[in-house]
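**Q** This one is run_22.cif, mmCIF, C-alpha atoms.
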```
data_work
#
loop_
_atom_site.label_atom_id
_atom_site.label_comp_id
_atom_site.auth_asym_id
_atom_site.auth_seq_id
_atom_site.Cartn_x
_atom_site.Cartn_y
_atom_site.Cartn_z
CA MET J 99 16.97 5.64 31.13
CA SER J 100 13.98 6.42 28.98
CA SER J 101 15.84 5.56 25.78
CA ASP J 102 16.61 2.12 27.22
CA LEU J 103 12.91 1.71 27.91
CA SER J 104 11.87 2.64 24.39
CA ALA J 105 14.67 0.55 22.90
CA ALA J 106 13.36 -2.45 24.80
CA ALA J 107 9.80 -1.73 23.66
CA ARG J 108 11.06 -1.33 20.11
CA ARG J 109 12.78 -4.70 20.25
CA GLN J 110 9.65 -6.23 21.72
CA SER J 111 7.44 -4.84 18.96
CA LEU J 112 9.88 -6.06 16.30
CA ALA J 113 9.83 -9.55 17.82
CA LEU J 114 6.02 -9.46 17.92
CA THR J 115 5.98 -8.41 14.27
CA ILE J 116 8.23 -11.24 13.16
CA PHE J 117 6.06 -13.64 15.14
CA LEU J 118 2.98 -12.19 13.45
CA VAL J 119 4.49 -12.62 9.98
CA VAL J 120 5.38 -16.27 10.68
CA GLN J 121 1.89 -16.84 12.07
CA SER J 122 0.26 -15.38 8.94
CA LEU J 123 2.48 -17.58 6.78
CA ALA J 124 1.36 -20.63 8.72
CA SER J 125 -2.29 -19.57 8.53
CA VAL J 126 -2.28 -19.11 4.77
CA PHE J 127 -0.47 -22.37 4.10
CA PHE J 128 -2.84 -24.23 6.41
CA LEU J 129 -5.80 -22.50 4.80
CA GLY J 130 -4.62 -23.69 1.38
CA ASP J 131 -4.31 -27.21 2.73
CA VAL J 132 -7.77 -27.05 4.29
CA ILE J 133 -9.29 -25.89 1.00
CA ALA J 134 -7.51 -28.70 -0.84
CA ASP J 135 -8.91 -31.19 1.70
CA LEU J 136 -12.35 -29.64 1.37
CA ARG J 137 -12.29 -30.40 -2.34
CA SER J 138 -11.18 -33.98 -1.88
CA ASP J 139 -12.63 -35.22 1.41
CA PRO J 140 -14.80 -32.77 3.36
CA ASP J 141 -16.17 -35.28 5.89
CA SER J 142 -12.94 -36.62 7.33
CA VAL J 143 -11.94 -35.96 10.94
CA HIS J 144 -8.59 -34.83 9.59
CA PHE J 145 -10.31 -32.03 7.66
CA LEU J 146 -12.38 -30.88 10.64
CA PHE J 147 -9.35 -30.85 12.91
CA GLU J 148 -7.26 -28.95 10.40
CA ALA J 149 -10.04 -26.42 9.85
CA LEU J 150 -10.20 -25.83 13.60
CA VAL J 151 -6.43 -25.35 13.84
CA THR J 152 -6.51 -22.94 10.91
CA ALA J 153 -9.34 -20.89 12.38
CA THR J 154 -7.42 -20.66 15.66
CA LEU J 155 -4.28 -19.56 13.82
CA ILE J 156 -6.16 -16.83 11.96
CA LEU J 157 -7.74 -15.61 15.20
CA GLY J 158 -4.24 -15.62 16.67
CA VAL J 159 -3.01 -13.38 13.88
CA ILE J 160 -5.80 -10.90 14.50
CA PHE J 161 -5.35 -10.86 18.29
CA GLY J 162 -1.58 -10.62 17.82
CA ALA J 163 -2.09 -7.62 15.55
CA PHE J 164 -4.27 -5.94 18.19
CA ALA J 165 -1.65 -6.62 20.90
CA LEU J 166 1.08 -5.24 18.67
CA ARG J 167 -0.89 -2.08 18.01
CA ARG J 168 -1.35 -1.56 21.75
CA THR J 169 2.40 -1.98 22.31
CA LEU J 170 3.16 0.52 19.56
CA GLU J 171 0.66 3.01 20.91
CA THR J 172 2.06 2.74 24.44
CA LEU J 173 5.53 3.30 23.05
CA ARG J 174 4.34 6.35 21.15
CA GLU J 175 2.59 7.78 24.22
CA GLN J 176 5.78 7.38 26.25
CA GLU J 177 7.76 9.21 23.60
CA ALA J 178 5.16 11.96 23.40
CA ALA J 179 5.22 12.37 27.19
CA LEU J 180 8.99 12.64 27.06
CA GLU J 181 8.75 15.30 24.35
CA VAL J 182 6.26 17.25 26.46
CA ALA J 183 8.55 16.99 29.49
CA ARG J 184 11.46 18.27 27.43
CA GLY J 185 9.36 21.07 26.00
CA ALA J 186 8.09 21.95 29.47
CA LEU J 187 11.61 22.17 30.86
CA GLY J 188 12.54 24.40 27.92
CA ALA J 189 9.60 26.67 28.74
CA VAL J 190 10.57 26.77 32.42
CA ILE J 191 14.13 27.76 31.53
CA GLU J 192 12.95 30.41 29.08
CA ALA J 193 10.57 31.94 31.62
CA GLN J 194 13.25 31.95 34.32
CA PHE J 195 15.81 33.60 32.00
CA GLN J 196 13.24 36.30 31.27
CA ALA J 197 12.52 36.77 34.97
CA TRP J 198 16.22 37.29 35.60
CA GLY J 199 16.27 39.86 32.80
CA LEU J 200 18.97 38.14 30.73
CA THR J 201 19.82 39.70 27.37
CA PRO J 202 19.36 37.48 24.28
CA ALA J 203 23.12 36.86 24.12
CA GLU J 204 23.19 35.92 27.79
CA ARG J 205 20.26 33.58 27.28
CA ASP J 206 22.10 31.72 24.54
CA VAL J 207 25.25 31.47 26.61
CA GLY J 208 23.27 30.40 29.67
CA LEU J 209 21.54 27.69 27.72
CA LEU J 210 24.79 26.35 26.29
CA ALA J 211 26.25 26.36 29.80
CA LEU J 212 23.23 24.37 31.00
CA LYS J 213 23.82 21.88 28.21
CA GLY J 214 27.26 21.26 29.68
CA LEU J 215 29.53 23.13 27.27
CA ASP J 216 32.63 24.74 28.77
CA VAL J 217 33.80 28.31 28.17
CA ALA J 218 36.10 27.40 25.28
CA GLU J 219 33.35 25.43 23.51
CA ILE J 220 30.78 28.19 23.98
CA ALA J 221 33.24 30.76 22.68
CA GLU J 222 34.01 28.68 19.63
CA LEU J 223 30.31 28.02 18.93
CA ARG J 224 29.40 31.70 19.20
CA GLY J 225 32.52 32.97 17.48
CA ALA J 226 33.34 35.12 20.51
CA ALA J 227 36.39 35.57 22.69
CA GLN J 228 36.62 33.39 25.75
CA GLY J 229 36.90 36.50 27.90
CA THR J 230 33.56 37.72 26.58
CA VAL J 231 31.88 34.41 27.38
CA ARG J 232 33.40 34.36 30.85
CA ALA J 233 32.12 37.90 31.48
CA GLN J 234 28.65 36.94 30.22
CA LEU J 235 28.57 33.90 32.49
CA THR J 236 29.58 36.03 35.46
CA ARG J 237 26.74 38.46 34.69
CA ILE J 238 24.28 35.54 34.34
CA TYR J 239 25.34 34.09 37.71
CA SER J 240 25.03 37.46 39.39
CA LYS J 241 21.59 38.14 37.86
CA ALA J 242 20.48 34.65 38.93
CA GLY J 243 21.95 35.11 42.39
CA VAL J 244 23.91 31.86 42.23
CA SER J 245 27.52 31.30 43.16
CA GLY J 246 28.61 29.60 39.96
CA ARG J 247 27.93 27.05 37.28
CA ALA J 248 27.08 24.17 39.64
CA GLN J 249 24.45 26.16 41.49
CA PHE J 250 23.16 27.59 38.20
CA ALA J 251 22.53 24.08 36.82
CA ALA J 252 21.14 22.87 40.14
CA PHE J 253 18.54 25.65 39.99
CA PHE J 254 16.78 23.85 37.12
CA VAL J 255 17.46 20.30 38.29
CA GLU J 256 15.50 21.20 41.41
CA ASP J 257 12.51 21.95 39.18
CA LEU J 258 12.85 18.55 37.54
CA LEU J 259 12.85 16.74 40.88
CA GLY J 260 9.36 18.08 41.48
CA GLU J 261 7.74 18.61 44.85
CA GLY J 262 10.15 16.49 46.89
CA LEU J 263 12.93 18.91 47.74
CA PRO J 264 11.10 22.18 48.50
CA LYS J 265 8.82 20.37 50.98
CA ALA J 266 11.80 18.81 52.67
CA LYS J 267 13.36 22.27 52.87
CA ALA J 268 10.21 23.76 54.34
CA GLY J 269 9.89 21.02 56.92
CA MET T 300 6.19 26.14 22.77
CA THR T 301 9.70 27.48 23.11
CA VAL T 302 12.04 29.40 20.85
CA LEU T 303 15.08 28.03 22.60
CA PRO T 304 17.30 25.70 20.59
CA LEU T 305 17.07 23.21 23.42
CA ARG T 306 16.98 20.29 21.04
CA LYS T 307 18.36 20.26 17.56
CA ASP T 308 15.90 17.84 16.00
CA GLU T 309 12.47 18.56 14.62
CA PRO T 310 9.36 19.04 16.72
CA ALA T 311 7.26 16.00 17.57
CA PRO T 312 5.37 14.73 14.51
CA ASP T 313 1.80 15.98 14.39
CA ALA T 314 -1.00 14.96 12.02
CA GLY T 315 0.60 16.87 9.17
CA THR T 316 4.03 15.26 8.92
CA PRO T 317 4.88 11.79 7.71
CA PRO T 318 6.15 9.39 10.38
CA THR T 319 9.85 9.51 11.17
CA LEU T 320 9.70 5.74 11.44
CA TRP T 321 7.05 3.42 10.01
CA ASP T 322 5.89 0.70 12.36
CA PRO T 323 7.60 -2.70 12.12
CA VAL T 324 4.66 -4.42 10.36
CA VAL T 325 4.63 -1.83 7.57
CA ARG T 326 8.41 -2.05 7.17
CA LEU T 327 8.64 -5.83 7.27
CA THR T 328 5.73 -6.38 4.85
CA HIS T 329 7.06 -3.67 2.53
CA TRP T 330 10.53 -5.14 2.16
CA SER T 331 9.50 -8.78 2.01
CA VAL T 332 6.96 -8.06 -0.74
CA ALA T 333 9.55 -5.97 -2.60
CA MET T 334 11.99 -8.87 -2.43
CA ILE T 335 9.43 -11.44 -3.56
CA VAL T 336 8.32 -9.28 -6.51
CA LEU T 337 11.94 -8.95 -7.64
CA LEU T 338 12.70 -12.65 -7.13
CA ASN T 339 9.54 -13.97 -8.77
CA GLY T 340 9.52 -11.32 -11.49
CA LEU T 341 13.12 -11.68 -12.56
CA TRP T 342 14.65 -14.84 -11.22
CA THR T 343 12.55 -17.87 -10.23
CA LYS T 344 11.09 -20.19 -12.85
CA GLY T 345 7.34 -19.68 -13.35
CA GLY T 346 5.37 -22.71 -12.13
CA GLY T 347 8.34 -24.01 -10.14
CA ALA T 348 7.97 -24.97 -6.50
CA LEU T 349 10.04 -21.96 -5.35
CA HIS T 350 8.01 -19.54 -7.50
CA VAL T 351 4.74 -20.94 -6.13
CA ALA T 352 6.06 -20.94 -2.53
CA LEU T 353 7.14 -17.30 -2.79
CA GLY T 354 3.73 -16.49 -4.24
CA TRP T 355 2.08 -18.06 -1.20
CA VAL T 356 4.40 -16.13 1.11
CA ALA T 357 3.41 -12.94 -0.72
CA MET T 358 -0.24 -13.90 -0.25
CA SER T 359 0.21 -14.17 3.54
CA ILE T 360 2.21 -10.95 3.71
CA LEU T 361 -0.44 -9.12 1.69
CA ALA T 362 -3.19 -10.54 3.93
CA LEU T 363 -1.32 -9.38 7.03
CA ARG T 364 -0.81 -5.89 5.60
CA LEU T 365 -4.49 -5.62 4.69
CA ILE T 366 -5.52 -6.69 8.23
CA TRP T 367 -3.00 -4.14 9.54
CA GLY T 368 -4.67 -1.53 7.32
CA LEU T 369 -7.84 -2.04 9.36
CA ILE T 370 -6.49 -2.42 12.89
CA GLY T 371 -2.94 -1.00 12.79
CA PRO T 372 -1.77 2.33 14.20
CA ARG T 373 -3.15 5.53 12.67
CA GLU T 374 -0.70 6.13 9.82
CA ALA T 375 -0.80 2.47 8.72
CA ARG T 376 -4.60 2.41 8.42
CA PHE T 377 -6.37 2.83 5.08
CA SER T 378 -8.33 5.73 6.61
CA ALA T 379 -5.05 7.70 6.85
CA PHE T 380 -4.45 7.40 3.10
CA PRO T 381 -7.77 6.85 1.29
CA PRO T 382 -7.56 6.23 -2.47
CA HIS T 383 -8.19 9.63 -4.01
CA PRO T 384 -7.08 9.95 -7.65
CA VAL T 385 -7.88 13.68 -7.88
CA ALA T 386 -5.81 14.46 -4.79
CA ALA T 387 -3.05 12.28 -6.25
CA LEU T 388 -3.01 14.32 -9.47
CA ARG T 389 -3.04 17.55 -7.45
CA HIS T 390 -0.08 16.28 -5.44
CA LEU T 391 1.81 15.45 -8.65
CA GLY T 392 1.06 19.00 -9.84
CA GLN T 393 2.51 20.43 -6.62
CA LEU T 394 5.50 18.16 -7.03
CA ALA T 395 6.05 19.42 -10.60
CA ARG T 396 6.09 22.97 -9.24
CA GLY T 397 8.58 21.82 -6.61
CA ARG T 398 6.33 22.44 -3.59
CA PRO T 399 4.62 19.21 -2.51
CA GLY T 400 2.62 19.37 0.71
CA LEU T 401 3.35 17.21 3.74
CA HIS T 402 0.93 14.44 4.71
CA GLY T 403 0.42 12.41 7.85
CA SER T 404 0.77 9.08 6.09
CA HIS T 405 1.53 8.32 2.45
CA ASN T 406 1.07 11.36 0.19
CA PRO T 407 -1.99 11.01 -2.10
CA ALA T 408 0.11 9.93 -5.08
CA GLY T 409 2.03 7.44 -2.96
CA ALA T 410 -1.26 6.13 -1.58
CA MET T 411 -2.59 5.49 -5.09
CA MET T 412 0.65 3.69 -5.88
CA ALA T 413 0.23 1.51 -2.80
CA TYR T 414 -3.33 0.55 -3.77
CA VAL T 415 -2.39 -0.15 -7.39
CA LEU T 416 0.57 -2.28 -6.28
CA TRP T 417 -1.65 -4.22 -3.89
CA ALA T 418 -4.21 -4.74 -6.68
CA CYS T 419 -1.45 -6.02 -8.98
CA LEU T 420 -0.27 -8.38 -6.22
CA ALA T 421 -3.81 -9.66 -5.74
CA VAL T 422 -4.19 -10.26 -9.49
CA LEU T 423 -0.81 -12.03 -9.64
CA ILE T 424 -1.71 -14.22 -6.66
CA GLY T 425 -5.19 -15.01 -8.03
CA THR T 426 -4.02 -15.91 -11.51
CA GLY T 427 -1.07 -17.77 -10.01
CA LEU T 428 -3.47 -19.90 -7.99
CA VAL T 429 -5.46 -20.66 -11.15
CA LEU T 430 -2.28 -21.62 -12.99
CA SER T 431 -1.02 -23.88 -10.20
CA GLY T 432 -4.48 -25.39 -9.78
CA GLY T 433 -4.66 -24.05 -6.22
CA ARG T 434 -2.06 -26.57 -5.11
CA THR T 435 0.05 -25.67 -2.10
CA PRO T 436 3.81 -25.32 -2.69
CA MET T 437 4.31 -28.62 -0.86
CA GLN T 438 1.99 -30.39 -3.34
CA VAL T 439 3.70 -28.67 -6.28
CA ALA T 440 7.08 -29.82 -4.99
CA ALA T 441 5.78 -33.35 -4.43
CA ASP T 442 4.28 -33.49 -7.94
CA GLN T 443 7.50 -32.16 -9.47
CA ALA T 444 9.49 -34.77 -7.59
CA ALA T 445 7.12 -37.47 -8.83
CA VAL T 446 7.48 -36.30 -12.45
CA ALA T 447 11.24 -36.13 -12.05
CA ALA T 448 11.14 -39.71 -10.77
CA GLY T 449 9.29 -40.74 -13.94
CA ASP T 450 5.72 -40.87 -12.64
CA TRP T 451 3.81 -38.79 -15.17
CA SER T 452 0.39 -39.71 -13.81
CA VAL T 453 0.21 -36.55 -11.68
CA LEU T 454 0.22 -34.49 -14.88
CA VAL T 455 -2.85 -36.33 -16.12
CA ALA T 456 -4.51 -36.07 -12.73
CA SER T 457 -3.91 -32.32 -12.46
CA SER T 458 -5.28 -31.60 -15.95
CA ASP T 459 -8.29 -33.85 -15.27
CA GLY T 460 -8.84 -32.04 -11.99
CA GLN T 461 -9.61 -28.85 -13.88
CA GLY T 462 -13.05 -30.24 -14.73
CA ASP T 463 -14.39 -29.36 -18.17
CA ASP T 464 -11.33 -29.56 -20.44
CA GLN T 465 -12.29 -26.83 -22.88
CA ASP T 466 -13.27 -24.25 -20.25
CA GLY T 467 -10.32 -25.17 -18.06
CA ALA T 468 -7.88 -24.66 -20.89
CA THR T 469 -9.38 -21.28 -21.84
CA LEU T 470 -9.32 -20.12 -18.21
CA ARG T 471 -5.73 -21.24 -17.80
CA HIS T 472 -4.71 -19.50 -21.00
CA LEU T 473 -6.40 -16.27 -19.90
CA ALA T 474 -4.86 -16.51 -16.44
CA GLU T 475 -1.44 -17.03 -17.99
CA GLU T 476 -1.78 -13.91 -20.15
CA VAL T 477 -2.97 -11.78 -17.25
CA HIS T 478 -0.25 -13.18 -14.95
CA GLU T 479 2.49 -12.28 -17.42
CA VAL T 480 1.19 -8.80 -18.26
CA THR T 481 0.66 -7.98 -14.58
CA SER T 482 4.13 -9.19 -13.62
CA SER T 483 5.67 -6.78 -16.15
CA LEU T 484 3.33 -4.06 -14.94
CA ILE T 485 4.23 -4.50 -11.26
CA LEU T 486 7.97 -4.37 -12.01
CA PHE T 487 7.41 -1.16 -13.98
CA LEU T 488 5.28 0.31 -11.18
CA ALA T 489 7.88 -0.67 -8.55
CA ALA T 490 10.55 1.21 -10.52
CA LEU T 491 8.18 4.18 -10.80
CA HIS T 492 7.56 3.99 -7.05
CA VAL T 493 11.31 4.11 -6.32
CA ALA T 494 11.69 7.09 -8.69
CA GLY T 495 8.73 8.80 -7.01
CA VAL T 496 10.27 8.40 -3.55
CA ALA T 497 13.56 9.81 -4.84
CA VAL T 498 11.92 12.84 -6.48
CA GLU T 499 9.68 13.53 -3.49
CA SER T 500 12.63 13.24 -1.09
CA LEU T 501 14.55 15.81 -3.15
CA ALA T 502 11.57 18.17 -3.38
CA LEU T 503 10.86 17.96 0.37
CA ARG T 504 14.57 17.89 1.33
CA ARG T 505 13.48 15.08 3.59
CA ASN T 506 14.81 11.54 3.47
CA LEU T 507 11.70 9.43 2.85
CA LEU T 508 13.64 6.18 2.64
CA ALA T 509 15.01 6.23 6.20
CA PRO T 510 11.58 5.91 7.92
CA MET T 511 11.01 2.71 5.91
CA VAL T 512 14.38 1.29 6.98
CA LEU T 513 15.53 2.10 10.52
CA GLY T 514 14.40 5.67 11.06
CA ARG T 515 16.75 8.56 11.60
CA ARG T 516 20.18 7.78 12.92
CA GLY T 517 20.99 9.12 16.36
CA ARG T 518 17.32 9.51 17.05
CA ARG T 519 17.60 8.02 20.50
CA ARG T 520 19.20 10.71 22.57
CA GLY T 521 19.53 10.65 26.34
#
```
Represent the structure of the file as structure tokens.
**A**
Amino acid sequence: MSSDLSAAARRQSLALTIFLVVQSLASVFFLGDVIADLRSDPDSVHFLFEALVTATLILGVIFGAFALRRTLETLREQEAALEVARGALGAVIEAQFQAWGLTPAERDVGLLALKGLDVAEIAELRGAAQGTVRAQLTRIYSKAGVSGRAQFAAFFVEDLLGEGLPKAKAG
Amino acid sequence: MTVLPLRKDEPAPDAGTPPTLWDPVVRLTHWSVAMIVLLNGLWTKGGGALHVALGWVAMSILALRLIWGLIGPREARFSAFPPHPVAALRHLGQLARGRPGLHGSHNPAGAMMAYVLWACLAVLIGTGLVLSGGRTPMQVAADQAAVAAGDWSVLVASSDGQGDDQDGATLRHLAEEVHEVTSSLILFLAALHVAGVAVESLALRRNLLAPMVLGRRGRRRG
């Protein structure tokens, strides 16, 4: 969802950049033409008109550059906010694991389970027997007071959903 | 913030690490100038319409990059990489010992390279304008077409247009010398720049080319 958003903004900023490059090309070529006219015939209406067009083009480049910078900064802020959200969720999970009194090994297994890996994958990643991982998961679920993997994951999703659910529960 | 390996990639870039992806203006101006320097330095015929046109394109690209250096995002602005020869030498010393520091924008040596390359470009463009009599590529093409069609009068007109013959000829001769020396210099510096990026990337174990192309692959995760 968010990556689509930033991909769109990225495409938009690239398009703006290409537009800006073409605009600068046009400005410089026009400027050269204006200077050539200035040397030959500075009083003609043609020269005045062309000078006006060129000045407008150059202003356009500068305003376009400002607009592009704003787009890029917005994009960067969005990405930073996303990073913070990710980091915050990580902190929440860490604190909760500590509150449940999980051992370091259980924390690692719990985290991998949250990331959606199944028992076989976790076992392979940790170089442990599947039975060991299964036993660790059982201990994690019992320490957390949840019935199984689905409830374990839901515990943290609830945090992500913010104030909505608990209030509904209370009411 | 957290010791958990929740995400495999690096932490968000702060002031001390180079960007993982340069902004599109920096990338586009970088590669188009690189291409024009190679084309005009090695391939196009000096004084030809194509050579002059590419020179004008380089002039606009350079102008855009310089404007961007004033109003662009933080790491693209001159203030993020001020010209500082002493810091550049210090950085090269660190590099020689294999431990270069990280910088928020270009490293000090890279920054000096950028400024020197821009200066060379400006000199090439300036002398090129003197040599082509300030004519736009369209005029150059038109004049060339006229000469090809047998109308040699434009040649007389353009040498008359230089004003005082003696001074004009001396200026043109000087401009030609400077243009040629600088074009060799910029090709040499560009090669040095590529070597510098390669060495720095090895020393930092960090791909410095990717941010100038498309950024890290697989950067956009869900």
**Q** Name the residues in contact with Leu484 of chain T at a cut-off of 9 Å, using all atoms listed in the file, excluding same-chain residues fewer than 5 positions from it; report them as a ChimeraX atom specification.
**A** /T:419,479,489
**Q** Given the file shown, determine the residues that the PyMOL selection byres ((chain J) within 6 of (chain T)) selects; report them as an MDAnalysis selection string.
**A** chainID J and resid 112 115 122:123 126 167 189
**Q** One decimal, in Å: what's the spacing between atom CA of Ile424 of chain T and atom CA of Phe128 of chain J?
**A**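 Going from atom CA of Ile424 of chain T over to atom CA of Phe128 of chain J covers 16.5 Å.
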**Q** Using the chain letters and numbers from this file, what does the PyMOL selection byres ((chain J and resi 125) around 10) select? Give the answer as a count of residues only.
**A** 22
**Q** Hey, what comes out of the PyMOL selection byres ((chain J and resi 232) around 12) on this file? Could you write it as a PyMOL selection string?
**A** chain J and resi 204+207-208+211+216-221+226-231+233-239+246-247
**Q** Which protein, DNA or RNA residues have an atom at most 8 Å from (13.9, 23.1, 32.7), counting all atoms listed in the file? List them as a compact mmCIF listing (two decimals) with C-alpha atoms, in the frame of the given file.
**A**
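And here's part-v2.txt as it stands now:
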```txt
# COMPACT_ATOMS: atom_id res chain seq x y z
CA ARG J 184 11.46 18.27 27.43
CA ALA J 186 8.09 21.95 29.47
CA LEU J 187 11.61 22.17 30.86
CA GLY J 188 12.54 24.40 27.92
CA ALA J 189 9.60 26.67 28.74
CA VAL J 190 10.57 26.77 32.42
CA ILE J 191 14.13 27.76 31.53
CA PHE J 254 16.78 23.85 37.12
CA VAL J 255 17.46 20.30 38.29
CA ASP J 257 12.51 21.95 39.18
CA LEU J 258 12.85 18.55 37.54
```
**Q** Of the candidates J:Glu177, J:Glu256, J:Asp206, J:Asp135, which one gets nearest to Ala149 of chain J if we count only C-alpha atoms?
**A**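 The shortest atom-to-atom distance to Ala149 of chain J comes from J:Asp135.
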**Q** Identify, on the basis of all atoms listed in the file, every residue whose closest approach to His478 of chain T does not exceed 7 Å; exclude the query and any residue fewer than 3 positions from it along the same chain; express the result as a list in words.
**A** Leu423, Thr426, Gly427, Ala474, Glu475, Thr481 and Ser482 of chain T
**Q** May I ask which of the residues T:Leu470, T:Met411, T:Ala395, T:Leu401 is the closest one to Val429 of chain T, counting all atoms listed in the file?
**A** T:Leu470
**Q** Rounded to one decimal place, report the atom CA of Ala502 of chain T-atom CA of Ile335 of chain T distance in Å.
**A**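 Distance between the two atoms: 29.7 Å.
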**Q** Report, in Å with one decimal, the straight-line distance from atom CA of Trp330 of chain T to atom CA of Glu171 of chain J.
**A**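 Computing it gives 22.7 Å between the two atoms.
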**Q** Would you give the centre and edge lengths, in Å to one decimal, of a box along x, y and z around the listed atoms of segment 178-194 of chain J, with 3 Å added to each side, as AutoDock Vina command-line options?
**A**
```
--center_x 9.6 --center_y 22.0 --center_z 28.9 --size_x 15.0 --size_y 26.0 --size_z 16.9
```
**Q** Taking all heavy atoms as the atom set, what does segment 480-486 of chain T look like once completed, written as a PDB file, in the coordinates of the input?
**A**
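Final file, out.pdb:
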```pdb
ATOM      1  N   VAL T 480       1.305 -10.254 -18.072  1.00  0.00           N
ATOM      2  CA  VAL T 480       1.190  -8.800 -18.260  1.00  0.00           C
ATOM      3  C   VAL T 480       1.326  -8.101 -16.907  1.00  0.00           C
ATOM      4  O   VAL T 480       2.049  -7.109 -16.769  1.00  0.00           O
ATOM      5  CB  VAL T 480      -0.152  -8.458 -18.934  1.00  0.00           C
ATOM      6  CG1 VAL T 480      -0.386  -6.955 -18.904  1.00  0.00           C
ATOM      7  CG2 VAL T 480      -0.178  -8.978 -20.360  1.00  0.00           C
ATOM      8  N   THR T 481       0.635  -8.640 -15.893  1.00  0.00           N
ATOM      9  CA  THR T 481       0.660  -7.980 -14.580  1.00  0.00           C
ATOM     10  C   THR T 481       2.050  -8.034 -13.963  1.00  0.00           C
ATOM     11  O   THR T 481       2.462  -7.090 -13.272  1.00  0.00           O
ATOM     12  CB  THR T 481      -0.355  -8.644 -13.634  1.00  0.00           C
ATOM     13  OG1 THR T 481      -1.588  -8.792 -14.310  1.00  0.00           O
ATOM     14  CG2 THR T 481      -0.586  -7.792 -12.404  1.00  0.00           C
ATOM     15  N   SER T 482       2.793  -9.121 -14.213  1.00  0.00           N
ATOM     16  CA  SER T 482       4.130  -9.190 -13.620  1.00  0.00           C
ATOM     17  C   SER T 482       5.037  -8.129 -14.239  1.00  0.00           C
ATOM     18  O   SER T 482       5.839  -7.513 -13.535  1.00  0.00           O
ATOM     19  CB  SER T 482       4.726 -10.583 -13.786  1.00  0.00           C
ATOM     20  OG  SER T 482       5.149 -10.784 -15.111  1.00  0.00           O
ATOM     21  N   SER T 483       4.900  -7.873 -15.546  1.00  0.00           N
ATOM     22  CA  SER T 483       5.670  -6.780 -16.150  1.00  0.00           C
ATOM     23  C   SER T 483       5.221  -5.447 -15.576  1.00  0.00           C
ATOM     24  O   SER T 483       6.044  -4.587 -15.252  1.00  0.00           O
ATOM     25  CB  SER T 483       5.492  -6.758 -17.660  1.00  0.00           C
ATOM     26  OG  SER T 483       5.741  -8.021 -18.196  1.00  0.00           O
ATOM     27  N   LEU T 484       3.895  -5.310 -15.432  1.00  0.00           N
ATOM     28  CA  LEU T 484       3.330  -4.060 -14.940  1.00  0.00           C
ATOM     29  C   LEU T 484       3.842  -3.750 -13.527  1.00  0.00           C
ATOM     30  O   LEU T 484       4.251  -2.624 -13.224  1.00  0.00           O
ATOM     31  CB  LEU T 484       1.798  -4.148 -14.938  1.00  0.00           C
ATOM     32  CG  LEU T 484       1.055  -2.910 -14.463  1.00  0.00           C
ATOM     33  CD1 LEU T 484       1.300  -1.747 -15.409  1.00  0.00           C
ATOM     34  CD2 LEU T 484      -0.439  -3.177 -14.343  1.00  0.00           C
ATOM     35  N   ILE T 485       3.866  -4.776 -12.660  1.00  0.00           N
ATOM     36  CA  ILE T 485       4.230  -4.500 -11.260  1.00  0.00           C
ATOM     37  C   ILE T 485       5.713  -4.148 -11.165  1.00  0.00           C
ATOM     38  O   ILE T 485       6.105  -3.302 -10.355  1.00  0.00           O
ATOM     39  CB  ILE T 485       3.859  -5.693 -10.330  1.00  0.00           C
ATOM     40  CG1 ILE T 485       3.757  -5.201  -8.890  1.00  0.00           C
ATOM     41  CG2 ILE T 485       4.854  -6.815 -10.411  1.00  0.00           C
ATOM     42  CD1 ILE T 485       3.131  -6.187  -7.950  1.00  0.00           C
ATOM     43  N   LEU T 486       6.550  -4.741 -12.018  1.00  0.00           N
ATOM     44  CA  LEU T 486       7.970  -4.370 -12.010  1.00  0.00           C
ATOM     45  C   LEU T 486       8.141  -2.928 -12.461  1.00  0.00           C
ATOM     46  O   LEU T 486       8.911  -2.157 -11.874  1.00  0.00           O
ATOM     47  CB  LEU T 486       8.767  -5.316 -12.918  1.00  0.00           C
ATOM     48  CG  LEU T 486       8.986  -6.716 -12.357  1.00  0.00           C
ATOM     49  CD1 LEU T 486       9.587  -7.628 -13.408  1.00  0.00           C
ATOM     50  CD2 LEU T 486       9.887  -6.672 -11.129  1.00  0.00           C
TER      51      LEU T 486
END
```
